[in-house]
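A.B. asks: One file is attached below, upload31.txt, containing compact mmCIF, C-alpha atoms.
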```
# COMPACT_ATOMS: atom_id res chain seq x y z
CA MET A 1 90.65 108.77 82.44
CA ILE A 2 93.81 106.66 82.38
CA ILE A 3 95.33 108.67 79.52
CA TRP A 4 94.50 112.01 81.14
CA SER A 5 95.74 110.80 84.53
CA LEU A 6 99.06 109.71 83.03
CA ALA A 7 99.36 112.98 81.13
CA ILE A 8 98.75 115.00 84.29
CA PHE A 9 101.16 112.83 86.27
CA TYR A 10 104.01 113.21 83.81
CA ALA A 11 103.33 116.93 83.42
CA ALA A 12 103.47 117.33 87.20
CA LEU A 13 106.62 115.20 87.38
CA GLY A 14 108.30 117.25 84.66
CA THR A 15 107.33 120.49 86.39
CA PHE A 16 108.69 119.17 89.68
CA LEU A 17 112.01 118.15 88.11
CA VAL A 18 112.40 121.55 86.43
CA TRP A 19 111.44 123.46 89.57
CA VAL A 20 113.58 121.47 92.00
CA GLY A 21 116.38 120.72 89.59
CA ALA A 22 117.93 117.40 88.57
CA ASP A 23 121.13 118.23 90.48
CA ARG A 24 119.29 118.72 93.76
CA ILE A 25 117.25 115.54 93.32
CA ALA A 26 120.36 113.49 92.46
CA GLN A 27 122.23 115.01 95.40
CA SER A 28 119.35 114.17 97.75
CA MET A 29 119.35 110.55 96.58
CA TYR A 30 123.10 110.35 97.00
CA ASP A 31 122.93 111.82 100.52
CA LEU A 32 120.19 109.35 101.49
CA ALA A 33 122.20 106.44 100.11
CA GLN A 34 125.29 107.55 102.02
CA LYS A 35 123.34 107.83 105.28
CA ILE A 36 122.05 104.30 104.80
CA SER A 37 125.50 102.93 103.94
CA HIS A 38 127.00 104.45 107.09
CA LEU A 39 124.39 102.87 109.34
CA ARG A 40 125.48 99.71 111.11
CA PHE A 41 122.52 97.78 109.72
CA GLY A 42 121.90 99.89 106.65
CA TRP A 43 122.14 96.84 104.42
CA LEU A 44 119.39 95.21 106.48
CA ILE A 45 117.11 98.21 105.91
CA LEU A 46 117.47 97.89 102.14
CA ALA A 47 117.04 94.11 102.29
CA GLY A 48 113.91 94.54 104.41
CA MET A 49 112.49 97.02 101.91
CA ILE A 50 113.02 94.55 99.08
CA VAL A 51 111.21 91.84 101.06
CA VAL A 52 108.26 94.15 101.79
CA ILE A 53 107.79 95.32 98.20
CA SER A 54 107.73 91.69 97.05
CA PHE A 55 104.15 91.53 98.37
CA PRO A 56 101.38 92.98 96.20
CA PRO A 57 100.26 95.66 95.70
CA CYS A 58 103.67 97.21 96.51
CA ILE A 59 105.98 98.36 93.73
CA GLY A 60 109.57 99.58 93.51
CA HIS A 61 111.83 96.54 93.22
CA THR A 62 114.04 98.06 90.52
CA THR A 63 114.24 101.39 92.38
CA ILE A 64 115.47 99.79 95.60
CA ILE A 65 117.94 97.61 93.72
CA THR A 66 119.32 100.79 92.12
CA LEU A 67 119.48 102.36 95.58
CA CYS A 68 121.61 99.40 96.71
CA GLY A 69 124.08 100.38 93.99
CA PHE A 70 123.87 104.01 95.10
CA ALA A 71 124.73 103.10 98.68
CA TYR A 72 127.19 100.22 98.35
CA GLY A 73 128.38 100.15 94.75
CA MET A 74 128.55 96.70 93.18
CA LYS A 75 128.60 95.22 96.69
CA GLY A 76 124.91 96.13 96.70
CA PHE A 77 124.35 93.09 94.49
CA TYR A 78 125.03 90.88 97.51
CA ILE A 79 122.19 92.69 99.27
CA GLY A 80 119.68 92.86 96.45
CA ALA A 81 120.04 89.32 95.09
CA PRO A 82 119.51 87.33 98.34
CA ALA A 83 116.80 89.74 99.52
CA SER A 84 114.97 89.26 96.21
CA VAL A 85 114.97 85.49 96.71
CA VAL A 86 113.83 85.73 100.34
CA GLY A 87 111.13 88.30 99.57
CA SER A 88 109.71 86.43 96.59
CA ALA A 89 109.72 83.12 98.48
CA ALA A 90 107.92 84.72 101.44
CA ALA A 91 105.32 86.23 99.11
CA PHE A 92 104.90 82.89 97.31
CA VAL A 93 104.27 80.98 100.54
CA ALA A 94 101.99 83.62 102.08
CA LEU A 95 99.84 84.10 98.98
CA ARG A 96 99.47 80.40 98.29
CA PHE A 97 98.59 79.67 101.93
CA LEU A 98 96.09 82.51 102.26
CA PHE A 99 94.35 81.93 98.94
CA ALA A 100 94.51 78.14 98.60
CA LYS A 101 90.72 77.69 98.44
CA ARG A 102 90.23 80.56 96.00
CA LEU A 103 92.97 79.11 93.82
CA LYS A 104 91.23 75.75 93.52
CA ARG A 105 87.88 77.37 92.72
CA TRP A 106 89.45 79.65 90.12
CA SER A 107 91.57 77.05 88.35
CA SER A 108 88.67 74.61 88.09
CA SER A 109 86.50 77.15 86.23
CA ASN A 110 88.99 79.11 84.11
CA GLU A 111 90.23 77.64 80.83
CA LYS A 112 93.20 79.97 80.51
CA TRP A 113 94.54 79.04 83.93
CA GLN A 114 94.02 75.35 83.27
CA ALA A 115 95.95 75.75 80.02
CA LEU A 116 98.77 77.60 81.77
CA GLU A 117 99.01 74.92 84.46
CA THR A 118 99.05 72.23 81.75
CA VAL A 119 101.87 73.94 79.88
CA VAL A 120 103.93 74.61 83.02
CA ARG A 121 103.43 71.06 84.25
CA ALA A 122 104.52 69.67 80.88
CA LYS A 123 107.62 71.84 80.43
CA GLY A 124 108.65 72.26 84.07
CA LEU A 125 111.62 74.28 85.29
CA PRO A 126 112.97 75.58 81.92
CA LEU A 127 109.67 77.34 81.14
CA ILE A 128 109.41 78.63 84.72
CA PHE A 129 112.91 80.12 84.33
CA LEU A 130 111.89 81.85 81.09
CA ILE A 131 108.71 83.35 82.53
CA ARG A 132 110.57 84.47 85.67
CA ALA A 133 113.29 86.18 83.65
CA SER A 134 110.72 88.06 81.57
CA PRO A 135 110.03 91.70 82.58
CA PHE A 136 106.32 91.03 82.20
CA PRO A 137 104.56 90.45 84.44
CA PRO A 138 106.44 92.86 86.74
CA TRP A 139 108.18 91.67 89.89
CA VAL A 140 105.32 91.75 92.38
CA TYR A 141 102.75 90.37 89.92
CA SER A 142 105.18 87.67 88.89
CA ASN A 143 105.29 86.51 92.51
CA SER A 144 101.49 86.42 92.52
CA LEU A 145 101.40 84.60 89.18
CA PHE A 146 103.63 81.72 90.29
CA ALA A 147 101.84 81.42 93.63
CA SER A 148 98.65 80.99 91.58
CA ILE A 149 99.99 78.05 89.56
CA GLU A 150 99.64 74.85 91.56
CA ALA A 151 102.04 73.04 89.22
CA VAL A 152 104.88 75.27 90.45
CA SER A 153 106.50 74.09 93.68
CA LEU A 154 108.33 76.34 96.13
CA TRP A 155 111.76 74.92 95.31
CA GLN A 156 111.18 75.44 91.58
CA PHE A 157 110.12 79.02 92.20
CA VAL A 158 113.15 79.75 94.40
CA VAL A 159 115.56 78.26 91.87
CA ALA A 160 113.88 80.13 88.99
CA THR A 161 114.14 83.41 90.90
CA THR A 162 117.89 83.29 90.34
CA ALA A 163 117.00 84.18 86.74
CA VAL A 164 116.52 87.79 87.90
CA PHE A 165 120.12 88.01 89.20
CA PRO A 166 121.49 89.45 85.92
CA LYS A 167 118.83 92.17 86.10
CA VAL A 168 119.79 92.85 89.72
CA ALA A 169 123.46 93.13 88.70
CA VAL A 170 122.68 95.55 85.84
CA HIS A 171 120.59 97.89 87.97
CA THR A 172 123.11 97.74 90.80
CA PHE A 173 125.79 98.74 88.31
CA ILE A 174 123.63 101.61 87.03
CA GLY A 175 123.08 102.79 90.60
CA SER A 176 126.81 102.68 91.37
CA LYS A 177 127.62 104.82 88.31
CA LEU A 178 124.79 107.25 88.99
CA ALA A 179 126.10 107.71 92.53
CA SER A 180 129.44 108.97 91.26
CA LEU A 181 127.64 111.50 89.05
CA SER A 182 125.08 112.58 91.65
CA ASP A 183 127.41 113.98 94.32
CA GLY A 184 128.39 117.54 93.48
CA GLU A 185 131.80 117.37 95.16
CA THR A 186 132.72 114.06 93.52
CA ARG A 187 131.53 115.33 90.16
CA ARG A 188 133.66 118.50 90.44
CA GLN A 189 136.76 116.39 91.03
CA MET A 190 136.18 114.38 87.83
CA ASP A 191 137.73 115.39 84.57
CA THR A 192 135.50 115.71 81.51
CA GLN A 193 136.59 112.37 80.09
CA THR A 194 135.64 110.52 83.28
CA LYS A 195 132.23 112.23 83.40
CA ILE A 196 131.51 111.27 79.80
CA LEU A 197 132.67 107.69 80.40
CA ASN A 198 130.44 107.26 83.47
CA SER A 199 127.48 108.80 81.66
CA CYS A 200 128.00 106.46 78.70
CA LEU A 201 128.19 103.46 81.03
CA VAL A 202 124.86 104.43 82.60
CA VAL A 203 123.23 104.79 79.18
CA VAL A 204 124.71 101.49 77.98
CA GLY A 205 123.50 99.77 81.15
CA LEU A 206 119.96 101.06 80.60
CA LEU A 207 120.00 100.01 76.94
CA VAL A 208 121.24 96.54 77.87
CA ALA A 209 118.49 96.19 80.47
CA VAL A 210 115.76 97.31 78.06
CA LEU A 211 117.00 95.26 75.10
CA THR A 212 117.52 92.12 77.17
CA SER A 213 114.07 92.46 78.74
CA TRP A 214 112.45 92.86 75.31
CA VAL A 215 114.27 89.84 73.85
CA ILE A 216 113.39 87.64 76.83
CA TYR A 217 109.75 88.73 76.75
CA ARG A 218 109.43 88.01 73.03
CA SER A 219 111.12 84.64 73.51
CA MET A 220 108.76 83.76 76.34
CA GLN A 221 105.69 84.62 74.25
CA ALA A 222 106.98 82.65 71.28
CA HIS A 223 107.82 79.68 73.51
CA LEU A 224 104.39 79.69 75.12
CA ARG A 225 102.62 79.82 71.78
CA LYS A 226 104.58 76.99 70.16
CA LEU A 227 105.31 74.01 72.36
CA ASP A 228 105.82 70.48 71.09
CA GLY A 229 103.17 68.07 72.29
CA ILE A 230 100.74 70.85 73.28
CA SER A 231 97.82 71.90 71.08
CA PRO A 232 97.97 75.44 69.61
CA GLU A 233 94.73 76.34 71.39
CA VAL A 234 96.18 75.45 74.79
CA ASP A 235 99.37 77.35 73.96
CA GLU A 236 97.40 80.48 73.07
CA LEU A 237 95.26 80.30 76.22
CA ALA A 238 98.38 79.88 78.36
CA ALA A 239 99.99 82.94 76.76
CA GLU A 240 96.84 84.98 77.39
CA ALA A 241 96.85 83.89 81.04
CA VAL A 242 100.39 85.22 81.49
CA GLU A 243 99.44 88.50 79.81
CA GLU A 244 96.52 88.93 82.21
CA ALA A 245 98.73 88.35 85.27
CA ILE A 246 99.02 92.14 85.67
CA GLU A 247 95.49 91.95 87.09
CA GLY A 248 96.71 89.70 89.89
CA ALA A 249 94.39 86.85 88.97
CA PRO A 250 93.40 84.72 90.60
CA LEU A 251 94.88 85.49 94.02
CA LEU A 252 94.34 89.25 94.11
CA ARG A 253 91.33 89.86 91.89
CA ASP A 254 88.21 91.05 93.68
CA TYR A 255 85.14 89.04 92.83
CA GLU A 256 82.03 87.73 94.55
CA ASP A 257 81.63 84.06 95.33
CA GLU A 258 78.29 84.05 93.60
CA ASP A 259 79.94 85.39 90.44
CA GLU A 260 81.95 82.19 90.22
CA GLU A 261 78.75 80.15 90.08
CA ARG A 262 77.33 82.05 87.12
CA PRO A 263 77.84 79.83 84.09
CA GLY A 264 77.31 82.74 81.71
CA ALA A 265 80.63 84.32 82.63
CA ILE A 266 82.45 81.04 82.10
CA ARG A 267 80.73 80.40 78.77
CA LEU A 268 81.63 83.89 77.65
CA ASP A 269 85.30 83.28 78.47
CA ARG A 270 85.27 79.96 76.67
CA SER A 271 83.57 81.37 73.64
CA ARG A 272 86.54 83.69 73.12
CA SER A 273 88.85 80.73 72.63
CA ARG A 274 86.66 79.06 70.03
CA SER A 275 86.56 79.65 66.32
CA PRO A 276 83.78 81.86 64.84
CA ALA A 277 82.18 78.77 63.31
CA VAL A 278 81.58 77.33 66.75
```
Can I see the file as structure tokens?
C.D. replies:
Amino acid sequence: MIIWSLAIFYAALGTFLVWVGADRIAQSMYDLAQKISHLRFGWLILAGMIVVISFPPCIGHTTIITLCGFAYGMKGFYIGAPASVVGSAAAFVALRFLFAKRLKRWSSSNEKWQALETVVRAKGLPLIFLIRASPFPPWVYSNSLFASIEAVSLWQFVVATTAVFPKVAVHTFIGSKLASLSDGETRRQMDTQTKILNSCLVVVGLLVAVLTSWVIYRSMQAHLRKLDGISPEVDELAAEAVEEAIEGAPLLRDYEDEDEERPGAIRLDRSRSRSPAV
């Protein structure tokens, strides 16, 4: 169902792009960005959107950051970066406050989460920085992940969130270059060399973002799986816990209270971390 749903979605998206036309879509985005930039509190609208999408299950952090570049050029960085910190901190506080009891019940019965908390507590801020800079889990699930780890304090989370600033700068830059190519009138006034240069800058920006994200993610996984002073088994369980953060566990996962009391589920989870001989 997932594969067919994705296939249908991308087929519909492709059909829409062909039918409407890339020029019209780009022009519409440019016009919207210009309307926002000419509003007295347009910057506050974009900042507010970033704060809202920091709460699960919302998505679209990268899109709105790019829109900041569309509307304000590189000045959009000074909108996206502070709003990202405020939004993530608000989500962190709200989720931890609302799900404090669930968090304690979950962490006391889940080996992977206990391992992750052990690793984070042992390595502290440097590891938190590395996980925060990683593209996985995505923005909103990353907020949920850190709110789920009791070893992470609010000030550590806020400081570590500055690790996403380079990503914010790259996507703001991409948005600023796309804006110059999206407006038909501006594009007509460009010579061919300028058009090619702007297009190349957009492509380079995307490649830098993808390559950097991949390198950071691989580094994070390697770091989690090989830490001095931590047993390999704990390292592996901690890495698996981060990989499962896309599910929103434990703060956002739906489960019955009575399910927590069933020892069979816990034994099954633990049996996965043991060797076949056991």
A.B. asks: Quick one: residues within 9 Å of Ala160 (chain A), all atoms listed in the file counted, chain neighbours fewer than 2 positions away excluded, as a list in words?
C.D. replies: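 Answer for this query is Leu125, Pro126, Ile128, Phe129, Leu130, Ile131, Arg132, Ala133, Trp155, Gln156, Phe157, Val158, Thr162, Ala163 and Val164 of chain A.
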A.B. asks: Distance CA of Lys35 (chain A)-CA of Gly73 (chain A), one decimal place?
C.D. replies: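 Pair CA of Lys35 (chain A) / CA of Gly73 (chain A) returns 14.0 Å.
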A.B. asks: Rounded to one decimal place, report the CA of Ile50 (chain A)-CA of Ala26 (chain A) distance in Å.
C.D. replies: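 CA of Ala26 (chain A) lies 21.4 Å from CA of Ile50 (chain A).
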A.B. asks: Please indicate the distance in Å from CA of Arg121 (chain A) to CA of Ala222 (chain A), rounded to one decimal place.
C.D. replies: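 Atom-to-atom, CA of Arg121 (chain A) and CA of Ala222 (chain A) are spaced 17.8 Å apart.
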A.B. asks: For each of A:Leu67, A:Leu95, A:Val159, A:Ile216, take the minimum atom-to-atom distance to Pro137 (chain A), counting only C-alpha atoms, then give the residue where this is smallest.
C.D. replies: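 Among the listed residues, the smallest separation from Pro137 (chain A) belongs to A:Ile216.
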A.B. asks: Show me, as a ChimeraX atom specification, the residues that have an atom within 12 Å of Val208 (chain A) when counting all atoms listed in the file, minus same-chain residues fewer than 5 positions from it.
C.D. replies: /A:166-167,169-171,173-174,201-203,213-216
A.B. asks: Here is a test: counting only C-alpha atoms, which residue of A:Leu154, A:Phe92, A:Ser182, A:His61 is nearest to Leu32 (chain A)?
C.D. replies: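 For Leu32 (chain A), the nearest of the given residues is A:Ser182.
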A.B. asks: Show me a table, sorted first by chain and then by increasing residue number, of the residues of region 26-71 of chain A having an atom at most 12 Å from region 140-147 of chain A, each with its shortest atom pair and the distance in Å to one decimal, counting only C-alpha atoms and written as CSV.
C.D. replies:
```
residue,atom,partner,partner_atom,distance
A:Ile50,CA,A:Val140,CA,10.6
A:Val51,CA,A:Val140,CA,10.5
A:Val52,CA,A:Val140,CA,10.1
A:Ile53,CA,A:Val140,CA,7.3
A:Ser54,CA,A:Val140,CA,5.3
A:Phe55,CA,A:Val140,CA,6.1
A:Pro56,CA,A:Val140,CA,5.6
A:Pro57,CA,A:Val140,CA,7.2
A:Cys58,CA,A:Val140,CA,7.0
A:Ile59,CA,A:Val140,CA,6.8
A:Gly60,CA,A:Val140,CA,9.0
A:His61,CA,A:Val140,CA,8.1
A:Thr62,CA,A:Val140,CA,10.9
```
A.B. asks: Export, as a PDB file, in the coordinates of the input, the selected residues with C-alpha atoms.
C.D. replies:
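The result, stored in part22.pdb:
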```pdb
ATOM      1  CA  ILE A  50     113.020  94.550  99.080  1.00  0.00           C
ATOM      2  CA  VAL A  51     111.210  91.840 101.060  1.00  0.00           C
ATOM      3  CA  VAL A  52     108.260  94.150 101.790  1.00  0.00           C
ATOM      4  CA  ILE A  53     107.790  95.320  98.200  1.00  0.00           C
ATOM      5  CA  SER A  54     107.730  91.690  97.050  1.00  0.00           C
ATOM      6  CA  PHE A  55     104.150  91.530  98.370  1.00  0.00           C
ATOM      7  CA  PRO A  56     101.380  92.980  96.200  1.00  0.00           C
ATOM      8  CA  PRO A  57     100.260  95.660  95.700  1.00  0.00           C
ATOM      9  CA  CYS A  58     103.670  97.210  96.510  1.00  0.00           C
ATOM     10  CA  ILE A  59     105.980  98.360  93.730  1.00  0.00           C
ATOM     11  CA  GLY A  60     109.570  99.580  93.510  1.00  0.00           C
ATOM     12  CA  HIS A  61     111.830  96.540  93.220  1.00  0.00           C
ATOM     13  CA  THR A  62     114.040  98.060  90.520  1.00  0.00           C
TER      14      THR A  62
END
```
A.B. asks: Of the candidates A:Ile196, A:Thr161, A:Ala11, A:Ile64, which shows the shortest atom-to-atom distance to Ser88 (chain A), using all atoms listed in the file?
C.D. replies: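 For Ser88 (chain A), the nearest of the candidates is A:Thr161.
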A.B. asks: Enclose region 163-181 of chain A, meaning all of its atoms listed in the file, in a box aligned along x, y and z, pad it by 3 Å on each side, and list the centre and edge lengths in Å to one decimal, as lines of an AutoDock Vina configuration file.
C.D. replies:
```
center_x = 123.0
center_y = 97.8
center_z = 89.2
size_x = 18.9
size_y = 33.3
size_z = 12.7
```
A.B. asks: Of the candidates A:Ala33, A:Ala47, A:Leu39, A:Leu178, which shows the shortest atom-to-atom distance to Val86 (chain A), using all atoms listed in the file?
C.D. replies: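 The answer is A:Ala47, which sits nearest to Val86 (chain A).
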A.B. asks: With all atoms listed in the file as the atoms that count, which of A:Ala100, A:Val120, A:Ala115, A:Leu46 lies nearest to Gly76 (chain A)?
C.D. replies: A:Leu46
A.B. asks: Write out as a list in words which residues come within 10 Å of Lys75 (chain A) when counting only C-alpha atoms, dropping same-chain ones fewer than 3 positions away.
C.D. replies: Cys68, Gly69, Ala71, Tyr72, Tyr78, Ile79, Gly80, Ala169, Thr172, Phe173 and Ser176 of chain A
